[in-house]
Structure formats: C-alpha cells, structure tokens
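Student: So I've got this file, final33.cif, and it contains mmCIF, C-alpha atoms and all ligand atoms:
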data_final
#
loop_
_atom_site.label_atom_id
_atom_site.label_comp_id
_atom_site.auth_asym_id
_atom_site.auth_seq_id
_atom_site.Cartn_x
_atom_site.Cartn_y
_atom_site.Cartn_z
CA MET A 196 0.00 0.00 0.00
CA ASN A 197 1.27 3.40 -0.91
CA LEU A 198 0.84 5.35 2.32
CA THR A 199 0.70 8.76 0.64
CA HIS A 200 -2.83 10.03 1.37
CA ALA A 201 -3.71 6.72 3.08
CA ARG A 202 -6.31 7.20 5.81
CA MET A 203 -5.08 5.68 9.06
CA LEU A 204 -6.43 5.29 12.60
CA VAL A 205 -3.90 4.44 15.32
CA THR A 206 -5.32 3.43 18.72
CA GLY A 207 -3.08 4.28 21.66
CA GLY A 208 -1.46 6.87 19.42
CA SER A 209 -0.78 9.37 22.20
CA ALA A 210 2.40 7.67 23.44
CA GLY A 211 5.08 5.07 22.81
CA ILE A 212 4.79 2.71 19.87
CA GLY A 213 1.47 4.12 18.60
CA ALA A 214 2.78 7.69 18.46
CA ALA A 215 5.92 6.49 16.60
CA ILE A 216 3.78 4.62 14.03
CA ALA A 217 1.62 7.73 13.57
CA GLN A 218 4.72 9.87 13.07
CA SER A 219 6.25 7.54 10.47
CA ALA A 220 2.96 7.33 8.58
CA LEU A 221 2.59 11.13 8.59
CA GLU A 222 6.15 11.45 7.23
CA ARG A 223 5.03 9.30 4.29
CA GLY A 224 2.07 11.57 3.58
CA ALA A 225 -0.64 9.52 5.28
CA ARG A 226 -3.58 11.23 6.99
CA VAL A 227 -3.67 10.01 10.56
CA VAL A 228 -6.13 9.98 13.44
CA VAL A 229 -4.67 9.12 16.83
CA ASN A 230 -6.73 7.80 19.73
CA GLY A 231 -6.24 7.44 23.49
CA ARG A 232 -8.24 7.86 26.70
CA ASP A 233 -6.42 10.78 28.34
CA GLU A 234 -7.74 13.68 26.28
CA GLY A 235 -5.14 16.23 27.41
CA ARG A 236 -2.18 13.99 26.58
CA LEU A 237 -3.80 12.93 23.30
CA GLU A 238 -4.52 16.49 22.12
CA ALA A 239 -0.97 17.59 22.98
CA ARG A 240 0.64 14.66 21.12
CA ALA A 241 -1.71 15.05 18.13
CA ALA A 242 -0.81 18.74 17.83
CA GLU A 243 2.91 17.87 18.02
CA LEU A 244 2.53 15.20 15.33
CA GLY A 245 0.12 17.08 13.05
CA ALA A 246 -2.52 14.35 13.46
CA HIS A 247 -6.21 14.57 14.33
CA ALA A 248 -7.26 13.41 17.82
CA VAL A 249 -10.26 11.24 18.70
CA ALA A 250 -10.42 10.46 22.41
CA GLY A 251 -12.09 7.32 23.75
CA ASP A 252 -11.58 3.92 25.33
CA VAL A 253 -11.34 1.13 22.74
CA GLY A 254 -12.88 -1.26 25.28
CA THR A 255 -16.15 0.69 25.49
CA ASP A 256 -16.24 3.32 22.72
CA ALA A 257 -14.99 1.50 19.61
CA GLU A 258 -18.01 2.30 17.44
CA ALA A 259 -17.89 6.02 18.31
CA ILE A 260 -14.09 6.19 17.81
CA VAL A 261 -14.33 4.64 14.34
CA ALA A 262 -17.30 6.85 13.43
CA ALA A 263 -15.49 10.06 14.43
CA ALA A 264 -12.24 9.01 12.74
CA THR A 265 -13.86 7.97 9.47
CA GLU A 266 -15.95 11.12 9.40
CA HIS A 267 -12.78 13.19 9.70
CA LEU A 268 -10.82 11.11 7.17
CA GLY A 269 -13.68 10.43 4.73
CA GLY A 270 -13.16 6.66 5.07
CA LEU A 271 -10.42 4.35 6.29
CA ASP A 272 -7.55 2.37 4.73
CA VAL A 273 -5.55 1.26 7.79
CA LEU A 274 -6.48 0.44 11.38
CA VAL A 275 -3.58 0.00 13.80
CA ASN A 276 -4.82 -1.85 16.90
CA ASN A 277 -2.04 -0.71 19.20
CA ALA A 278 -3.85 0.36 22.41
CA GLY A 279 -2.90 -2.05 25.14
CA TRP A 280 -1.47 -2.43 28.60
CA GLY A 281 -0.25 -5.09 30.94
CA ARG A 282 0.50 -5.82 34.54
CA ARG A 283 2.57 -8.68 35.87
CA MET A 284 0.67 -10.86 38.36
CA SER A 285 1.59 -14.31 39.61
CA LEU A 286 -1.21 -16.88 39.72
CA GLU A 287 -1.55 -16.26 43.46
CA GLU A 288 -1.84 -12.49 42.94
CA LEU A 289 -4.29 -12.75 40.02
CA ASP A 290 -6.86 -9.94 40.39
CA PRO A 291 -10.00 -10.71 38.36
CA ASP A 292 -10.90 -7.03 37.93
CA VAL A 293 -7.47 -6.18 36.53
CA PHE A 294 -7.54 -9.29 34.33
CA GLU A 295 -10.97 -8.38 32.93
CA ALA A 296 -10.05 -4.74 32.31
CA MET A 297 -6.85 -5.80 30.49
CA TRP A 298 -8.81 -8.26 28.37
CA ARG A 299 -11.41 -5.58 27.57
CA THR A 300 -8.74 -3.28 26.12
CA ASN A 301 -6.30 -5.75 24.55
CA VAL A 302 -8.79 -8.27 23.14
CA LEU A 303 -12.37 -7.01 23.03
CA GLY A 304 -11.28 -3.46 22.21
CA ALA A 305 -9.19 -4.62 19.25
CA ALA A 306 -12.00 -6.84 18.01
CA MET A 307 -14.66 -4.13 18.19
CA MET A 308 -12.37 -1.61 16.50
CA ALA A 309 -11.84 -4.10 13.65
CA LYS A 310 -15.55 -4.90 13.43
CA HIS A 311 -16.49 -1.25 13.03
CA ALA A 312 -13.61 -0.53 10.63
CA LEU A 313 -14.55 -3.39 8.31
CA PRO A 314 -17.47 -1.72 6.47
CA HIS A 315 -15.09 1.11 5.54
CA PHE A 316 -12.54 -1.34 4.12
CA ARG A 317 -15.30 -3.05 2.15
CA ALA A 318 -16.39 0.35 0.80
CA ALA A 319 -12.80 1.13 -0.24
CA GLY A 320 -12.30 -2.36 -1.75
CA ARG A 321 -9.14 -2.81 0.31
CA GLY A 322 -7.79 -2.30 3.81
CA ALA A 323 -5.24 -3.28 6.39
CA ILE A 324 -5.44 -4.09 10.08
CA VAL A 325 -2.22 -4.12 12.08
CA ASN A 326 -2.47 -5.85 15.45
CA ILE A 327 0.34 -4.89 17.79
CA ALA A 328 0.69 -8.11 19.76
CA SER A 329 3.95 -9.03 21.50
CA THR A 330 6.50 -11.77 21.94
CA ALA A 331 4.13 -12.47 24.87
CA ALA A 332 1.77 -13.75 22.14
CA LYS A 333 4.32 -16.52 21.45
CA ARG A 334 5.49 -17.76 24.83
CA GLY A 335 4.29 -17.70 28.43
CA TYR A 336 6.44 -16.67 31.40
CA ALA A 337 6.11 -16.42 35.18
CA THR A 338 3.69 -13.56 36.14
CA GLY A 339 2.37 -13.44 32.57
CA THR A 340 -1.00 -15.21 33.00
CA ALA A 341 -3.21 -12.19 32.31
CA TYR A 342 -1.07 -10.32 29.76
CA THR A 343 0.04 -13.31 27.70
CA SER A 344 -3.51 -14.61 27.55
CA THR A 345 -4.65 -11.30 26.04
CA LYS A 346 -1.82 -11.33 23.49
CA PHE A 347 -2.34 -15.02 22.61
CA GLY A 348 -6.00 -14.00 22.17
CA LEU A 349 -5.04 -11.19 19.83
CA ALA A 350 -2.88 -13.65 17.85
CA ALA A 351 -5.82 -16.05 17.56
CA MET A 352 -8.09 -13.25 16.35
CA THR A 353 -5.46 -12.21 13.80
CA GLN A 354 -5.60 -15.70 12.26
CA CYS A 355 -9.42 -15.67 12.23
CA TRP A 356 -9.53 -12.28 10.51
CA GLN A 357 -6.90 -13.34 7.98
CA ALA A 358 -9.11 -16.33 7.10
CA GLU A 359 -12.24 -14.19 6.87
CA LEU A 360 -10.88 -11.08 5.20
CA ARG A 361 -8.33 -12.08 2.57
CA PRO A 362 -11.14 -12.72 0.06
CA SER A 363 -12.14 -9.06 0.59
CA ASP A 364 -8.56 -7.81 -0.08
CA VAL A 365 -8.09 -6.86 3.57
CA ARG A 366 -4.62 -7.64 4.93
CA VAL A 367 -4.26 -8.47 8.63
CA ILE A 368 -0.74 -8.16 10.02
CA GLN A 369 0.46 -9.15 13.48
CA ILE A 370 3.50 -7.36 14.89
CA ASN A 371 5.31 -8.91 17.88
CA PRO A 372 7.68 -6.49 19.59
CA SER A 373 9.85 -7.81 22.38
CA GLU A 374 10.73 -5.29 25.13
CA VAL A 375 10.48 -1.69 23.87
CA GLN A 376 11.53 1.36 25.92
CA THR A 377 8.22 3.19 26.45
CA GLY A 378 5.99 4.09 29.39
CA PHE A 379 4.53 0.56 29.27
CA GLY A 380 3.99 -1.00 32.69
CA GLY A 381 4.17 2.36 34.48
CA ARG A 382 7.82 3.04 33.56
CA ASP A 383 9.00 6.61 33.09
CA PRO A 384 8.84 7.32 29.34
CA GLU A 385 11.34 10.17 29.82
CA ARG A 386 14.04 7.91 31.34
CA ALA A 387 17.46 7.71 29.73
CA LEU A 388 17.26 5.11 26.96
CA ASP A 389 19.54 2.11 26.78
CA PRO A 390 21.20 2.29 23.35
CA LYS A 391 21.04 -1.50 22.92
CA LYS A 392 17.33 -1.96 23.65
CA LEU A 393 14.44 -1.46 21.24
CA ARG A 394 12.76 1.91 20.79
CA SER A 395 9.28 2.76 19.53
CA GLU A 396 10.73 3.89 16.20
CA ASP A 397 12.07 0.36 15.57
CA ILE A 398 8.53 -1.02 15.81
CA ALA A 399 7.24 1.83 13.64
CA HIS A 400 9.87 0.98 11.02
CA ALA A 401 8.77 -2.68 10.94
CA THR A 402 5.07 -1.74 10.83
CA ILE A 403 5.42 0.82 8.05
CA THR A 404 7.65 -1.51 6.02
CA ALA A 405 5.04 -4.28 6.25
CA LEU A 406 2.24 -1.91 5.27
CA GLU A 407 4.18 -0.52 2.29
CA MET A 408 4.45 -3.91 0.60
CA ASP A 409 2.33 -4.04 -2.55
CA ASP A 410 -1.28 -5.01 -1.74
CA ARG A 411 -0.90 -8.26 -3.72
CA GLY A 412 0.95 -9.71 -0.76
CA PHE A 413 1.25 -9.26 2.96
CA ILE A 414 3.39 -10.34 5.90
CA PRO A 415 1.08 -12.25 8.26
CA GLU A 416 3.33 -11.92 11.30
CA LEU A 417 6.51 -10.09 12.14
CA THR A 418 8.59 -10.43 15.32
CA ILE A 419 11.14 -7.83 16.39
CA TRP A 420 13.98 -8.59 18.81
CA ALA A 421 16.78 -6.39 20.06
CA THR A 422 20.01 -7.81 18.69
CA ASN A 423 21.99 -7.75 21.93
CA PRO A 424 19.99 -6.14 24.75
CA TRP A 425 22.26 -7.62 27.45
CA SER A 426 25.50 -5.90 26.58
CA ALA A 427 24.70 -2.56 28.28
CA GLU A 428 23.46 -4.20 31.48
CA GLY A 429 25.95 -3.93 34.31
N1 LIG B 501 6.67 -1.58 25.44
C1 LIG B 501 6.84 -2.86 25.29
O1 LIG B 501 7.83 -3.45 25.80
C2 LIG B 501 5.88 -3.67 24.43
C3 LIG B 501 6.31 -4.93 23.98
C4 LIG B 501 5.44 -5.70 23.21
C5 LIG B 501 4.19 -5.23 22.90
N2 LIG B 501 3.78 -4.01 23.36
C6 LIG B 501 2.42 -3.57 23.01
O2 LIG B 501 2.51 -2.38 22.27
C7 LIG B 501 1.33 -1.59 22.46
C8 LIG B 501 1.72 -0.17 22.83
O3 LIG B 501 2.48 -0.20 24.02
P1 LIG B 501 3.49 0.95 24.47
O4 LIG B 501 4.70 0.28 24.97
O5 LIG B 501 3.60 1.99 23.41
O6 LIG B 501 2.68 1.50 25.73
P2 LIG B 501 2.44 3.00 26.29
O7 LIG B 501 3.62 3.85 26.05
O8 LIG B 501 1.94 2.78 27.68
O9 LIG B 501 1.24 3.55 25.37
C9 LIG B 501 -0.01 2.94 25.40
C10 LIG B 501 -0.98 3.76 24.59
O10 LIG B 501 -2.26 3.09 24.58
C11 LIG B 501 -3.25 3.99 25.07
N3 LIG B 501 -4.31 3.17 25.68
C12 LIG B 501 -4.20 2.27 26.71
N4 LIG B 501 -5.39 1.72 26.98
C13 LIG B 501 -6.28 2.26 26.10
C14 LIG B 501 -7.66 2.09 25.87
N5 LIG B 501 -8.40 1.25 26.61
N6 LIG B 501 -8.25 2.79 24.86
C15 LIG B 501 -7.52 3.65 24.11
N7 LIG B 501 -6.21 3.87 24.27
C16 LIG B 501 -5.60 3.18 25.27
C17 LIG B 501 -2.50 4.94 25.99
O11 LIG B 501 -3.16 6.17 26.20
P3 LIG B 501 -4.20 6.38 27.44
O12 LIG B 501 -3.58 5.73 28.64
O13 LIG B 501 -4.36 7.86 27.55
O14 LIG B 501 -5.45 5.71 27.00
C18 LIG B 501 -1.24 5.15 25.16
O15 LIG B 501 -1.48 6.04 24.10
C19 LIG B 501 0.51 -2.33 23.54
O16 LIG B 501 -0.50 -3.08 22.91
C20 LIG B 501 1.53 -3.23 24.19
O17 LIG B 501 0.92 -4.40 24.74
C21 LIG B 501 4.60 -3.22 24.11
#
Is it possible to give me this structure as structure tokens?

Tutor:
Amino acid sequence: MNLTHARMLVTGGSAGIGAAIAQSALERGARVVVNGRDEGRLEARAAELGAHAVAGDVGTDAEAIVAAATEHLGGLDVLVNNAGWGRRMSLEELDPDVFEAMWRTNVLGAAMMAKHALPHFRAAGRGAIVNIASTAAKRGYATGTAYTSTKFGLAAMTQCWQAELRPSDVRVIQINPSEVQTGFGGRDPERALDPKKLRSEDIAHATITALEMDDRGFIPELTIWATNPWSAEG
C-alpha cells in the first residue's frame, strides 16, 4: 500500500509505539487519526505530530471512535490496533478485575475496532489491520498469566480475521515487539534510553515496512527482537 494520502487510525497513538507509528505514517504523507483515553495527553501529542485526535476507550467506545475518525478522514484504509497495557501478576496475585479490564482493552477493544472498521474497508475495496501483539503472544512466562492470555487471544483473532478477510482484499498483520523502551507497565517514558534496547521507532519501522508492501501480498506476522539487549546491562 502506498501510504501517501492513506487514511489511518492508530489506537493508543498518544504515546510510545502508537505515536511512533503515527509519526512515520505522517512522514510518508498519510492522513492520521490518533486515539487514546487521556484527552489532554492525546490532544498535545496530536498537535505535536500534526494528526487529528479522537479520544475514547477502545474497550467501550470503539463504534464512536471509528465513526469520528472515518468522518474526519472520509473513510479508512488502515487500522492500527495498538492500544494495550499489561501488569505482571503471579497466579496467586491474580486480580480478576485487573484481568478483565486488560482483556477488555487488549482483546475485546481490538475486536470491536476491527468490526467497526470493516465496512469502511469493504467500501474502499481494500484495507489493512495491524495488530500490535507481543513476543508475549508466542510464549508464556512467570507472572504473565493475564497479559500473555490477552496477546495469545489477539494472535488467535489475527488468524481468524486473515481467514475471513483475505477474500475481501483486507490484509491483517500481526506485529510482535519484544521489550520496547516506552511508558509501558508504568515506567517513566522520559528515562534515559539504553542504546542496545528497542525503541518505539524500531517497531514503527517494521510496521510501516510491512504496510508498504504491494497489496498483492502481505506479511502475516513479524517479530522484532533487540540484537543484543544484554551488553549494556551492568
Ligand atoms: N513496550 C513494550 O515493551 C511492548 C512490547 C510488546 C508489545 N507491546 C504492546 O505495544 C502496544 C503499545 O504499548 P506501548 O509500549 O507503546 O505503551 P504505552 O507507552 O503505555 O502507550 C499505550 C498507549 O495506549 C493507550 N491506551 C491504553 N489503553 C487504552 C484504551 N483502553 N483505549 C484507548 N487507548 C488506550 C494509551 O493512552 P491512554 O492511557 O491515555 O489511554 C497510550 O497512548 C501495547 O498493545 C503493548 O501491549 C509493548
């Protein structure tokens, strides 16, 4: 897909990986709507990027977010399902309210965003959905019960949508970042960055590269590792 003039909606576009994807797409001439829940932070980041802001929670407001974004853009070519969060909890610590809220954003939110975007892709005769999953969609680990289950769920949905949507020329791409230096998990996004660990722009590079492939083909899944993240650790 040539991203010049492409109409793109990036959920969780007010920070981290989503903001970097929005920035790279804008640099290629795409028209971008960014979404997030915190309206103040979203408006500030959108103004900085030169994107349009649509506030809302993907877990509860997906239909309204897609409606506002498509009204602004006059349709939709790309949905980036990036909004997501996680918290480490051992099995003993498992909090059902936290688990449910995480699932509502990471799984149900992504699904409802895709559902409401689909009519716009059908109208355009093409489309792309990028699901930002994780290496936690590939392998479980201690304290990962809730988060990995949401990302395995997103991976399962990616395969279902690929099966359903290829005949409609809609490409569904799963991106699996390993650890990326963002505010994820309550970390300070302004902290000094380790030069050997992944940054949001690395994930944006992979995402944009996958999207830019000619529409005749697509990359179903892409995993990004840091080459040598251990070398800077004391
Ligand atoms: N950082 C990593 O190491 C890493 C690794 C693999 C995968 N990932 C995945 O990459 C994605 C982005 O993570 P990140 O590291 O960029 O995190 P981040 O810096 O914390 O940014 C998360 C973004 O999502 C938004 N968001 C969260 N919940 C939302 C909701 N319910 N509705 C709408 N927007 C919501 C946040 O804004 P508001 O809080 O204002 O809503 C923010 O814009 C997530 O899906 C994450 O699971 C991250």

Student: Would you kindly return, as a list in words, each protein, DNA or RNA residue with an atom no farther than 9 Å from any atom of Ile370 of chain A, considering only C-alpha atoms and excluding same-chain residues fewer than 3 positions away?

Tutor: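 Contacts, in chain order: Val325, Asn326, Ile327, Ala328, Ser329, Thr330, Ile398, Ala401, Thr402, Pro415, Glu416, Leu417, Thr418 and Ile419 of chain A.
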
Student: Could you write out that same residue set with C-alpha atoms as a PDB file, keeping the file's coordinate frame?

Tutor:
ATOM      1  CA  VAL A 325      -2.220  -4.120  12.080  1.00  0.00           C
ATOM      2  CA  ASN A 326      -2.470  -5.850  15.450  1.00  0.00           C
ATOM      3  CA  ILE A 327       0.340  -4.890  17.790  1.00  0.00           C
ATOM      4  CA  ALA A 328       0.690  -8.110  19.760  1.00  0.00           C
ATOM      5  CA  SER A 329       3.950  -9.030  21.500  1.00  0.00           C
ATOM      6  CA  THR A 330       6.500 -11.770  21.940  1.00  0.00           C
ATOM      7  CA  ILE A 398       8.530  -1.020  15.810  1.00  0.00           C
ATOM      8  CA  ALA A 401       8.770  -2.680  10.940  1.00  0.00           C
ATOM      9  CA  THR A 402       5.070  -1.740  10.830  1.00  0.00           C
ATOM     10  CA  PRO A 415       1.080 -12.250   8.260  1.00  0.00           C
ATOM     11  CA  GLU A 416       3.330 -11.920  11.300  1.00  0.00           C
ATOM     12  CA  LEU A 417       6.510 -10.090  12.140  1.00  0.00           C
ATOM     13  CA  THR A 418       8.590 -10.430  15.320  1.00  0.00           C
ATOM     14  CA  ILE A 419      11.140  -7.830  16.390  1.00  0.00           C
TER      15      ILE A 419
END

Student: Pick out the residues no farther than 6 Å from ligand LIG 501 (chain B), counting all atoms listed in the file, and list them as number ranges by chain.

Tutor: A: 206-213, 231-233, 251-254, 277-280, 300, 327-329, 372-379

Student: Just the number, please: distance in Å from atom CA of Gly335 of chain A to atom CA of Leu393 of chain A, one decimal.

Tutor: 20.5 Å

Student: Select, from A:Arg282, A:Arg240, A:Arg386, A:His311, the residue with the minimum atom-to-atom distance to Thr338 of chain A, counting only C-alpha atoms.

Tutor: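 Counting only C-alpha atoms, the residue closest to Thr338 of chain A is A:Arg282.
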
Student: When distances are computed from only C-alpha atoms, which of A:Leu303, A:Lys310, A:Arg366, A:Met203 shows the smallest separation from Arg223 of chain A?

Tutor: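 Closest residue, counting only C-alpha atoms: A:Met203.
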
Student: Quick one, how far is atom CA of Val228 of chain A from atom CA of Phe347 of chain A?

Tutor: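 Separating atom CA of Val228 of chain A from atom CA of Phe347 of chain A is a distance of 26.9 Å.
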
Student: Nearest residue to Val273 of chain A out of A:Ala421, A:Leu406, A:Ala250, A:Ala323, using all atoms listed in the file?

Tutor: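 Selected residue with least distance to Val273 of chain A: A:Ala323.
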
Student: Would you work out the distance separating atom CA of Thr404 of chain A from atom CA of Gly304 of chain A, expressed in Å to one decimal?

Tutor: 25.0 Å

Student: For a quick check of understanding, using only C-alpha atoms, which of A:Arg226, A:His315, A:Lys346, A:Arg236 has the smallest distance to Asn276 of chain A?

Tutor: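 With only C-alpha atoms as the atom set, the closest residue is A:Lys346.
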
Student: Pick from A:Ala306, A:Asn371, A:Asp290, A:Ala405: nearest to Arg334 of chain A, with all atoms listed in the file counted?

Tutor: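 Looking at the shortest contact to Arg334 of chain A, the residue is A:Asn371.
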
Student: Out of A:Ser363, A:Thr255, A:Ser219, A:Asn230, which residue has the shortest atom-to-atom distance to Val205 of chain A when counting all atoms listed in the file?

Tutor: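 Of A:Ser363, A:Thr255, A:Ser219, A:Asn230, the one nearest Val205 of chain A is A:Asn230, counting all atoms listed in the file.
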
Student: With a distance cut-off of 8 Å and only C-alpha atoms, select the neighbouring residues of Leu244 of chain A, excluding the residue or stretch itself and same-chain residues fewer than 4 positions from it, and output the selection as a list in words.

Tutor: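 That gives Ala217, Gln218, Leu221 and Arg240 of chain A.
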
Student: With C-alpha atoms kept, could you save the residues just selected as a compact mmCIF listing (two decimals), in the frame of the given file?

Tutor:
# COMPACT_ATOMS: atom_id res chain seq x y z
CA ALA A 217 1.62 7.73 13.57
CA GLN A 218 4.72 9.87 13.07
CA LEU A 221 2.59 11.13 8.59
CA ARG A 240 0.64 14.66 21.12

Student: Show which residues sit within 10 Å of Pro291 of chain A, as a list in words. Count only C-alpha atoms, and ignore same-chain residues fewer than 5 positions away.

Tutor: Ala296, Met297 and Ala341 of chain A

Student: Can you pull out the residues contacting Lys391 of chain A? Cut-off 9 Å, using all atoms listed in the file, and skip same-chain residues under 2 positions away; I want them as number ranges by chain.

Tutor: A: 388-389, 393, 421-427

Student: Which residues, written as a PyMOL selection string, have at least one atom at most 8 Å from Gly320 of chain A, with only C-alpha atoms counted and residues fewer than 3 positions away on the same chain left out?

Tutor: chain A and resi 316-317+363-364
